[in-house]
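Comments concern the structure below.
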Amino acid sequence: MIAVGRPRGWKRLDSGVVRKPLEVGTGEMEEELKMENQNLDPDQGSCSVTDELSQQLLSQEAPSPKLSVIELSKELDSKSDLIDDKEFDIPQVDTPPTLESILNETDDEEEPFVLEDPCLLNVDNIDTHSYDTSSVASSDSGDRTHLKRKKKLHDSFSIHGSVIRLSLLKGISAQIASAAAKVDAGTPTAIAASSLIAVGTSHGLALIFDPNQALRLCLGSTAVGAQYGAISALSINNDCSRLLCGFAKGEITMWDLASGKLLRSITDAHPPGTAILHIKFTDDPTLAICNDSGGSVFELSFKRVMGVRTCESRCLFSGSKGEVCCIEPLHAKTELRDHPITQYSLLAMASLTKILVIGLKPSLKVWMTFPYGRMDPSSVPLLAWHFVAVQTSVNPMLAFCRGDVVHFLLVKRDESGAIHVTKQKQLHLHYDLINFTWINSRTVVLLDSVEKLHVIDRQTQEELETVEISEVQLVYNSSHFKSLATGGNVSQALALVGEKACYQSISNCGGQIFYLVCARDDIEELERNHLLKQECLNEALALAWSFHEGKAKAVVGLSGDEHKRKAVVADRMVEILIQYADRTMKKCPDQGKIQVMEQYFQAAGTGRPSVGGQRSPARGAPPPATATHRPAQLRRDMVPVIVDYCLLLQRMDLLFSQMYDKMSENSVAKGVFLECLEPYILSDKLVGITAQIMKDLLLHFQDKHLMANMEACIVHMDITSLDIQQVVLMCWENHLYDAMIYVYNSGMNDFITPMEKLFKVIAPPLAAGKSLSDEQVIMGNKLLVYISCCLAGRAYPLGNIPEDLVPLVKNQVFEFLIRLHSAEAPVDEEVYPYVRTLLHFDTREFLNVLALTFEDFKNDKQAVEYQQRIVDILLKCVNETKMF
């Protein structure tokens, strides 16, 4: 047996099957099993639909107080994920059908259901006040052959982290194996899960386990099994005080789960010679429903008169006019027991041709029928109830399916006592289902006919995760549907459905799903493979972030104040990040192999979050202004995961202290960490770093000859906290002129010194009539562009000068250009050296810069004065210089 589920106080349970019977006296059966249990050490891990993280997060919540239906409705209404599917009210029928009329209907599977009035398909024409018995019909219930396969769910679905966890229930598995070997218990045939787990066997025993996997009871004996056959169905009542066992030869027994006493042995509740396919308690502890292999459904009323326990049986549906092969009573949780619709004790039944919903109380009444239409006769009918919040109320929703389309019907009761059935958005699949299970009001787990689990978000119809379990050999109930124990006296249609029937092999409780399987070795291998995925902390971080943002799938999420929730999740994410960094360093390969270590720290991970609405840029794909010599390996790597989440959590202190200290323990990891910062800096997601990180970053890029990348980073940084003199010196020595200008401008609001430094390099050779080197030409071009940016109010090399500084900068640049002499002028320096230098360097481009500048500021009085002044200087320079 394997379990999939979300934690609700359960310990991790495990079981499996062996097929090695050993003859042992039945009198010592329970004694031997309990002795065997004492020698076992049950596994105590968590069994979770959202992995271990959600267990730890949910465990921090205080127990919720019991709420009334109205209070619960208001609470659910306040959630952001209320169902908002478009609703279609069901039209009223003139005469409500009776059970007798339904039984006498002629059912023809080959004839599609057609609406009598096609205009009813128009939502505007539907009578929204229809009530009482309704025959549900829609365009979807007709001939589906033209539809082929329904539209396929997106294969490239979003990654939300792992939302299910597959666990082998090892403790229970060992004890079932022991029971098979020591007391000839046989193989498991049925399971029922509540606060206890009951497992029925092929030799008529019911083994009862508590949440710690300890065997509490062994009910029945192999002698009973020889008389009644295998246990074919199980049901535990709401308070876990009673267990009903249905047998392959038709008998029914009731057990006291506190004392282990047999309370009732029922042999005449239904026609002889038929197997019990389903037996289910209702919310009324004195009322149960059973369904036999003849397709009939019976109500069992338990009474105690004068100390004598009795059982009265009433036929609800006869299989002679349409065999029922699935039943599902509506169960309400404790906080919803006062819901007005629970007084009707609703029961859903699926026959081979239609779905029926009837009320058992106050009197028997049919509330709805829904024909399937044309479908594959081998497909398995499925039913499942769940209470959901729609708009301002909480009401039951019935999901039913036969094939590849899941229908959802919302059942409401108005103030007059009338019941309305409204159709919700259908779920179209590309595979046939053999099981449907609700995890919560939004999330469902589907098992298809090739034994693959699909986790679906019902509201968005998004497939969150798939898990292959075909190798574990799910237990099927085919022999009971064929009634082999009583001679096989069933219809061919029911036997065909039974080929894939696994109703009694799957049970769910509190967000967990239990699957009864046979191949234990394959289960362990499957579990190991799945846990390898779970051990990847990337998924835990992704799931935690979805909790943090309130967007988690397949879970209801953390309740309470949003800020408190975020604080709790953020603290947990920090712990995971530290664990992630520790594991990264511990698993580092041989430190003597540099290339191997680089590949390790740059190895592909399972995915990273988006920072600022977009994924962080790839290391190998910087903006056009930069260049890199390293391959694009850090798109999805180990170190950037740490950076991503530190940025999302706004924990720069964590990133540049603990995380950097851990990475610094290994020189390769340190280098990868420093290079990893580049794309975040270039995309302005990381604008400030510490002085020590900046120093190490400069040294590392210098050693790697990546100074062009370093320059691209500097012009995106907030450098006010850095050693500006050190940065300026490094930039000048490495010819990073853009970075140098940026540091002077941003760090010191100095717009003149960069021009002075560049003029000192290009002015002397120009004055001497010499040709400039390539490096000097680059400096001259940058100087012209820089002057143009300053006069236009733009920052260099990118951005804008703060508005309050624009007039000051413009005036400073004009004053600089028209100076008579430079700061350290030689004796023979001509007047206006800066204007003369620019005229000599590139006359046309310099005049273009001036023309554009004066065009922009033609209404500025001060600019007009500068314009006249510069024109006079230009005329003077031209007249004095022969080359002009």
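Every chain in the structure tokens takes a letter, A first, then B, and so on in the order presented; its residues are numbered from 1, and the ligands are numbered from 1 following the presented order.
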query: Could you name the residues that touch stretch 863-880 of chain A at 12 Å or less, counting only C-alpha atoms, but leaving out those on the same chain fewer than 5 positions away, as a VMD selection string?
result: chain A and resid 791 to 792 807 810 to 820 830 to 840 843 846 to 847 850 to 858
Can you write just those residues out, N, CA and C atoms, as a tab-separated table (two decimals), in the first residue's frame?
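Just written: selection-v2.tsv:
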chain	number	residue	atom	x	y	z
A	791	LEU	N	25.27	68.48	-21.41
A	791	LEU	CA	24.55	69.66	-21.87
A	791	LEU	C	23.08	69.36	-22.16
A	792	ALA	N	22.76	68.07	-22.40
A	792	ALA	CA	21.37	67.68	-22.66
A	792	ALA	C	20.65	67.20	-21.42
A	807	PRO	N	20.57	72.24	-14.36
A	807	PRO	CA	21.09	73.60	-14.65
A	807	PRO	C	22.53	73.79	-14.17
A	810	LYS	N	24.95	71.89	-16.54
A	810	LYS	CA	25.06	72.59	-17.82
A	810	LYS	C	25.96	73.82	-17.70
A	811	ASN	N	25.77	74.59	-16.64
A	811	ASN	CA	26.59	75.78	-16.45
A	811	ASN	C	28.05	75.43	-16.21
A	812	GLN	N	28.27	74.37	-15.41
A	812	GLN	CA	29.65	73.96	-15.13
A	812	GLN	C	30.37	73.54	-16.41
A	813	VAL	N	29.69	72.80	-17.27
A	813	VAL	CA	30.31	72.34	-18.51
A	813	VAL	C	30.61	73.50	-19.44
A	814	PHE	N	29.66	74.45	-19.58
A	814	PHE	CA	29.92	75.62	-20.41
A	814	PHE	C	31.10	76.42	-19.88
A	815	GLU	N	31.12	76.62	-18.54
A	815	GLU	CA	32.21	77.37	-17.94
A	815	GLU	C	33.55	76.67	-18.16
A	816	PHE	N	33.51	75.34	-18.11
A	816	PHE	CA	34.73	74.57	-18.33
A	816	PHE	C	35.25	74.75	-19.76
A	817	LEU	N	34.33	74.65	-20.72
A	817	LEU	CA	34.74	74.72	-22.12
A	817	LEU	C	35.33	76.07	-22.50
A	818	ILE	N	34.86	77.16	-21.87
A	818	ILE	CA	35.31	78.49	-22.29
A	818	ILE	C	36.40	79.05	-21.38
A	819	ARG	N	37.00	78.16	-20.56
A	819	ARG	CA	38.12	78.62	-19.74
A	819	ARG	C	39.28	79.11	-20.61
A	820	LEU	N	39.97	80.16	-20.12
A	820	LEU	CA	41.13	80.68	-20.84
A	820	LEU	C	42.28	79.70	-20.84
A	830	GLU	N	47.99	77.96	-25.46
A	830	GLU	CA	47.14	78.98	-26.08
A	830	GLU	C	45.87	79.15	-25.26
A	831	VAL	N	45.21	80.28	-25.45
A	831	VAL	CA	43.97	80.52	-24.74
A	831	VAL	C	42.89	79.61	-25.29
A	832	TYR	N	41.88	79.37	-24.46
A	832	TYR	CA	40.76	78.48	-24.78
A	832	TYR	C	41.25	77.10	-25.23
A	833	PRO	N	42.03	76.40	-24.39
A	833	PRO	CA	42.62	75.12	-24.81
A	833	PRO	C	41.58	74.03	-25.07
A	834	TYR	N	40.48	74.05	-24.33
A	834	TYR	CA	39.51	72.96	-24.47
A	834	TYR	C	38.73	73.08	-25.77
A	835	VAL	N	38.34	74.29	-26.13
A	835	VAL	CA	37.65	74.47	-27.40
A	835	VAL	C	38.59	74.13	-28.56
A	836	ARG	N	39.84	74.59	-28.45
A	836	ARG	CA	40.80	74.31	-29.52
A	836	ARG	C	41.04	72.80	-29.67
A	837	THR	N	41.13	72.08	-28.52
A	837	THR	CA	41.37	70.63	-28.58
A	837	THR	C	40.24	69.91	-29.29
A	838	LEU	N	39.01	70.26	-28.97
A	838	LEU	CA	37.86	69.60	-29.58
A	838	LEU	C	37.74	69.94	-31.06
A	839	LEU	N	38.09	71.20	-31.42
A	839	LEU	CA	38.07	71.56	-32.83
A	839	LEU	C	39.11	70.76	-33.61
A	840	HIS	N	40.28	70.58	-33.02
A	840	HIS	CA	41.31	69.79	-33.67
A	840	HIS	C	40.93	68.31	-33.75
A	843	THR	N	36.14	68.52	-35.74
A	843	THR	CA	35.47	69.81	-35.85
A	843	THR	C	33.97	69.66	-36.07
A	846	PHE	N	32.03	68.26	-33.01
A	846	PHE	CA	31.98	69.22	-31.92
A	846	PHE	C	30.95	70.31	-32.21
A	847	LEU	N	30.93	70.81	-33.44
A	847	LEU	CA	29.95	71.84	-33.81
A	847	LEU	C	28.53	71.27	-33.78
A	850	LEU	N	27.36	71.31	-30.21
A	850	LEU	CA	26.96	72.65	-29.80
A	850	LEU	C	25.63	73.05	-30.42
A	851	ALA	N	25.45	72.72	-31.69
A	851	ALA	CA	24.20	73.08	-32.37
A	851	ALA	C	23.00	72.41	-31.73
A	852	LEU	N	23.13	71.12	-31.45
A	852	LEU	CA	22.03	70.40	-30.81
A	852	LEU	C	21.75	70.94	-29.41
A	853	THR	N	22.80	71.29	-28.71
A	853	THR	CA	22.62	71.80	-27.35
A	853	THR	C	21.87	73.12	-27.36
A	854	PHE	N	22.27	74.04	-28.23
A	854	PHE	CA	21.62	75.34	-28.28
A	854	PHE	C	20.20	75.25	-28.83
A	855	GLU	N	19.94	74.27	-29.67
A	855	GLU	CA	18.59	74.06	-30.16
A	855	GLU	C	17.64	73.66	-29.03
A	856	ASP	N	18.16	72.83	-28.14
A	856	ASP	CA	17.34	72.37	-27.00
A	856	ASP	C	17.10	73.48	-26.00
A	857	PHE	N	18.03	74.41	-25.89
A	857	PHE	CA	17.93	75.44	-24.86
A	857	PHE	C	17.79	76.84	-25.48
A	858	LYS	N	17.10	76.94	-26.62
A	858	LYS	CA	17.01	78.22	-27.30
A	858	LYS	C	16.17	79.24	-26.54
Near stretch 225-239 of chain A, counting only C-alpha atoms, which residues have an atom at most 7 Å away, once you skip same-chain residues fewer than 3 positions from it, shown as a PDB file with C-alpha atoms, in the first residue's frame?
ATOM      1  CA  THR A 189      -8.481  -6.741  -1.070  1.00  0.00           C
ATOM      2  CA  ALA A 190      -9.989  -3.555   0.407  1.00  0.00           C
ATOM      3  CA  ILE A 191      -9.015  -0.513   2.458  1.00  0.00           C
ATOM      4  CA  ALA A 192     -10.847   2.155   4.455  1.00  0.00           C
ATOM      5  CA  GLY A 200      -9.534  -6.388   4.414  1.00  0.00           C
ATOM      6  CA  THR A 201      -7.998  -9.591   3.112  1.00  0.00           C
ATOM      7  CA  SER A 202      -8.852 -12.355   0.697  1.00  0.00           C
ATOM      8  CA  HIS A 203      -9.337 -14.826   3.574  1.00  0.00           C
ATOM      9  CA  GLY A 204     -11.958 -12.759   5.383  1.00  0.00           C
ATOM     10  CA  LEU A 205      -9.827 -10.906   7.977  1.00  0.00           C
ATOM     11  CA  SER A 221     -10.983 -15.537  11.174  1.00  0.00           C
ATOM     12  CA  THR A 222     -10.009 -17.694   8.261  1.00  0.00           C
ATOM     13  CA  ARG A 242     -17.919   0.899  14.056  1.00  0.00           C
ATOM     14  CA  LEU A 243     -16.625  -1.015  11.030  1.00  0.00           C
ATOM     15  CA  LEU A 244     -18.796  -2.535   8.307  1.00  0.00           C
ATOM     16  CA  CYS A 245     -17.367  -5.402   6.253  1.00  0.00           C
ATOM     17  CA  GLY A 246     -18.921  -6.562   3.015  1.00  0.00           C
ATOM     18  CA  PHE A 247     -17.977  -9.986   1.667  1.00  0.00           C
ATOM     19  CA  ALA A 248     -17.626 -11.532  -1.766  1.00  0.00           C
ATOM     20  CA  LYS A 249     -20.440 -13.984  -1.032  1.00  0.00           C
ATOM     21  CA  GLU A 251     -22.616 -11.286   3.883  1.00  0.00           C
ATOM     22  CA  ILE A 276     -21.053  -6.659  -1.896  1.00  0.00           C
ATOM     23  CA  LEU A 277     -19.414  -4.079  -4.162  1.00  0.00           C
ATOM     24  CA  HIS A 278     -19.795  -1.072  -1.852  1.00  0.00           C
ATOM     25  CA  ILE A 279     -20.873  -0.551   1.705  1.00  0.00           C
ATOM     26  CA  LYS A 280     -20.846   2.932   3.195  1.00  0.00           C
ATOM     27  CA  PHE A 281     -21.924   4.570   6.421  1.00  0.00           C
ATOM     28  CA  ASP A 283     -23.457  10.687   8.590  1.00  0.00           C
ATOM     29  CA  PRO A 285     -24.593   6.300  12.511  1.00  0.00           C
ATOM     30  CA  HIS A 480     -16.085  -9.036  -7.040  1.00  0.00           C
ATOM     31  CA  ALA A 485     -17.254 -16.254  -5.523  1.00  0.00           C
ATOM     32  CA  GLN A 504     -12.100  -0.494  -2.684  1.00  0.00           C
TER      33      GLN A 504
END
Name all residues at most 8 Å from A:Ser746 (count only C-alpha atoms; drop same-chain ones fewer than 6 positions away) and give them as a short mmCIF file (atom, residue, chain, number, x, y, z; two decimals) with N, CA and C atoms, in the first residue's frame.
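Okay, this is what ended up in out.cif:
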data_model
loop_
_atom_site.label_atom_id
_atom_site.label_comp_id
_atom_site.auth_asym_id
_atom_site.auth_seq_id
_atom_site.Cartn_x
_atom_site.Cartn_y
_atom_site.Cartn_z
N ASP A 718 25.09 51.28 -7.12
CA ASP A 718 25.09 52.40 -6.18
C ASP A 718 26.45 52.34 -5.47
N ILE A 719 27.36 53.25 -5.86
CA ILE A 719 28.75 53.12 -5.39
C ILE A 719 29.05 54.06 -4.22
N THR A 720 28.02 54.65 -3.61
CA THR A 720 28.26 55.59 -2.52
C THR A 720 28.90 54.93 -1.31
#
Selection: 6 Å around A:Tyr344, only C-alpha atoms, excl. self and same-chain fewer than 3 positions, as an mmCIF file with N, CA, C and O atoms, in the first residue's frame:
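Contents of the output file selection_14.cif:
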data_model
loop_
_atom_site.group_PDB
_atom_site.id
_atom_site.type_symbol
_atom_site.label_atom_id
_atom_site.label_comp_id
_atom_site.auth_asym_id
_atom_site.auth_seq_id
_atom_site.Cartn_x
_atom_site.Cartn_y
_atom_site.Cartn_z
ATOM 1 N N ILE A 341 -28.458 21.454 4.104
ATOM 2 C CA ILE A 341 -28.662 20.402 3.109
ATOM 3 C C ILE A 341 -28.383 19.020 3.674
ATOM 4 O O ILE A 341 -28.781 18.002 3.089
ATOM 5 N N GLY A 359 -32.521 11.833 -2.081
ATOM 6 C CA GLY A 359 -32.518 12.176 -0.672
ATOM 7 C C GLY A 359 -33.153 11.058 0.126
ATOM 8 O O GLY A 359 -34.257 10.591 -0.209
ATOM 9 N N LYS A 361 -33.837 11.322 3.392
ATOM 10 C CA LYS A 361 -34.643 11.927 4.437
ATOM 11 C C LYS A 361 -35.240 13.222 3.919
ATOM 12 O O LYS A 361 -34.678 13.846 3.005
#
- prompt: Which residues in stretch 246-351 of chain A does DSSP call strand (DSSP E)? List them as a PyMOL selection string.
  reply: chain A and resi 246-247+252-256+262-266+276-281+287-292+297-305+308-317+324-329+346-351
message: Just the number, please: distance in Å from atom CA of A:Leu336 to atom CA of A:Asp457, one decimal.
response: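 Computing the Euclidean distance for atom CA of A:Leu336 and atom CA of A:Asp457 yields 23.7 Å.
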- request: Between atom CA of A:Thr584 and atom CA of A:Asn666, measure the distance and give it in Å to one decimal.
  value: 11.0 Å
- prompt: In stretch 277-504 of chain A, what's alpha helix (DSSP H) per DSSP? Answer as a VMD selection string?
  reply: chain A and resid 478 to 481 492 to 498
Go ahead and save the residues from that selection, with N, CA and C atoms, as a PDB file, in the first residue's frame.
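Generated output (part10.pdb):
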ATOM      1  N   SER A 478     -11.903  -6.598  -9.696  1.00  0.00           N
ATOM      2  CA  SER A 478     -12.572  -7.239 -10.834  1.00  0.00           C
ATOM      3  C   SER A 478     -13.323  -8.506 -10.441  1.00  0.00           C
ATOM      4  N   SER A 479     -12.728  -9.312  -9.572  1.00  0.00           N
ATOM      5  CA  SER A 479     -13.368 -10.594  -9.225  1.00  0.00           C
ATOM      6  C   SER A 479     -14.696 -10.379  -8.527  1.00  0.00           C
ATOM      7  N   HIS A 480     -14.826  -9.305  -7.743  1.00  0.00           N
ATOM      8  CA  HIS A 480     -16.085  -9.036  -7.040  1.00  0.00           C
ATOM      9  C   HIS A 480     -17.138  -8.507  -8.001  1.00  0.00           C
ATOM     10  N   PHE A 481     -16.722  -7.679  -8.976  1.00  0.00           N
ATOM     11  CA  PHE A 481     -17.678  -7.186  -9.968  1.00  0.00           C
ATOM     12  C   PHE A 481     -18.157  -8.309 -10.874  1.00  0.00           C
ATOM     13  N   GLN A 492     -22.791  -8.915 -18.578  1.00  0.00           N
ATOM     14  CA  GLN A 492     -21.540  -8.668 -19.277  1.00  0.00           C
ATOM     15  C   GLN A 492     -21.116  -7.205 -19.139  1.00  0.00           C
ATOM     16  N   ALA A 493     -22.090  -6.295 -19.095  1.00  0.00           N
ATOM     17  CA  ALA A 493     -21.769  -4.866 -18.985  1.00  0.00           C
ATOM     18  C   ALA A 493     -21.089  -4.566 -17.656  1.00  0.00           C
ATOM     19  N   LEU A 494     -21.596  -5.139 -16.578  1.00  0.00           N
ATOM     20  CA  LEU A 494     -20.994  -4.902 -15.265  1.00  0.00           C
ATOM     21  C   LEU A 494     -19.623  -5.555 -15.172  1.00  0.00           C
ATOM     22  N   ALA A 495     -19.488  -6.749 -15.732  1.00  0.00           N
ATOM     23  CA  ALA A 495     -18.199  -7.435 -15.712  1.00  0.00           C
ATOM     24  C   ALA A 495     -17.155  -6.651 -16.501  1.00  0.00           C
ATOM     25  N   LEU A 496     -17.582  -6.005 -17.598  1.00  0.00           N
ATOM     26  CA  LEU A 496     -16.663  -5.209 -18.398  1.00  0.00           C
ATOM     27  C   LEU A 496     -16.172  -3.993 -17.620  1.00  0.00           C
ATOM     28  N   VAL A 497     -17.073  -3.321 -16.912  1.00  0.00           N
ATOM     29  CA  VAL A 497     -16.688  -2.184 -16.069  1.00  0.00           C
ATOM     30  C   VAL A 497     -15.732  -2.643 -14.972  1.00  0.00           C
ATOM     31  N   GLY A 498     -15.970  -3.841 -14.458  1.00  0.00           N
ATOM     32  CA  GLY A 498     -15.164  -4.349 -13.357  1.00  0.00           C
ATOM     33  C   GLY A 498     -13.717  -4.607 -13.702  1.00  0.00           C
TER      34      GLY A 498
END
task: Please provide as a VMD selection string all residues within 7 Å of stretch 400-402 of chain A, with the sequence filter that same-chain residues fewer than 5 positions apart are discarded (counting only C-alpha atoms).
output: chain A and resid 379 to 384 407 to 408
field: Shell of 7 Å around A:Ser505, only C-alpha atoms, local chain residues under 2 positions omitted, as a list of chain:residue names
entry: A:Thr189, A:Ala190, A:Ile191, A:Val475, A:Tyr476, A:Cys502, A:Tyr503, A:Ser507, A:Tyr515, A:Leu516
- request: Write out as a PyMOL selection string each polymer residue whose atoms come within 8 Å of stretch 296-308 of chain A, counting only C-alpha atoms; drop sequence neighbours fewer than 3 positions from it.
  value: chain A and resi 269-270+286-293+311-320+323-324
message: Please compute the atom CA of A:Leu648-atom CA of A:Lys685 distance, one decimal, in Å.
response: 9.8 Å
query: Which of these, A:Ala825, A:Asp644, A:Tyr680, A:Leu649, has the shortest distance to A:Lys566 once you count only C-alpha atoms?
result: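 Nearest candidate to A:Lys566 out of A:Ala825, A:Asp644, A:Tyr680, A:Leu649: A:Leu649.
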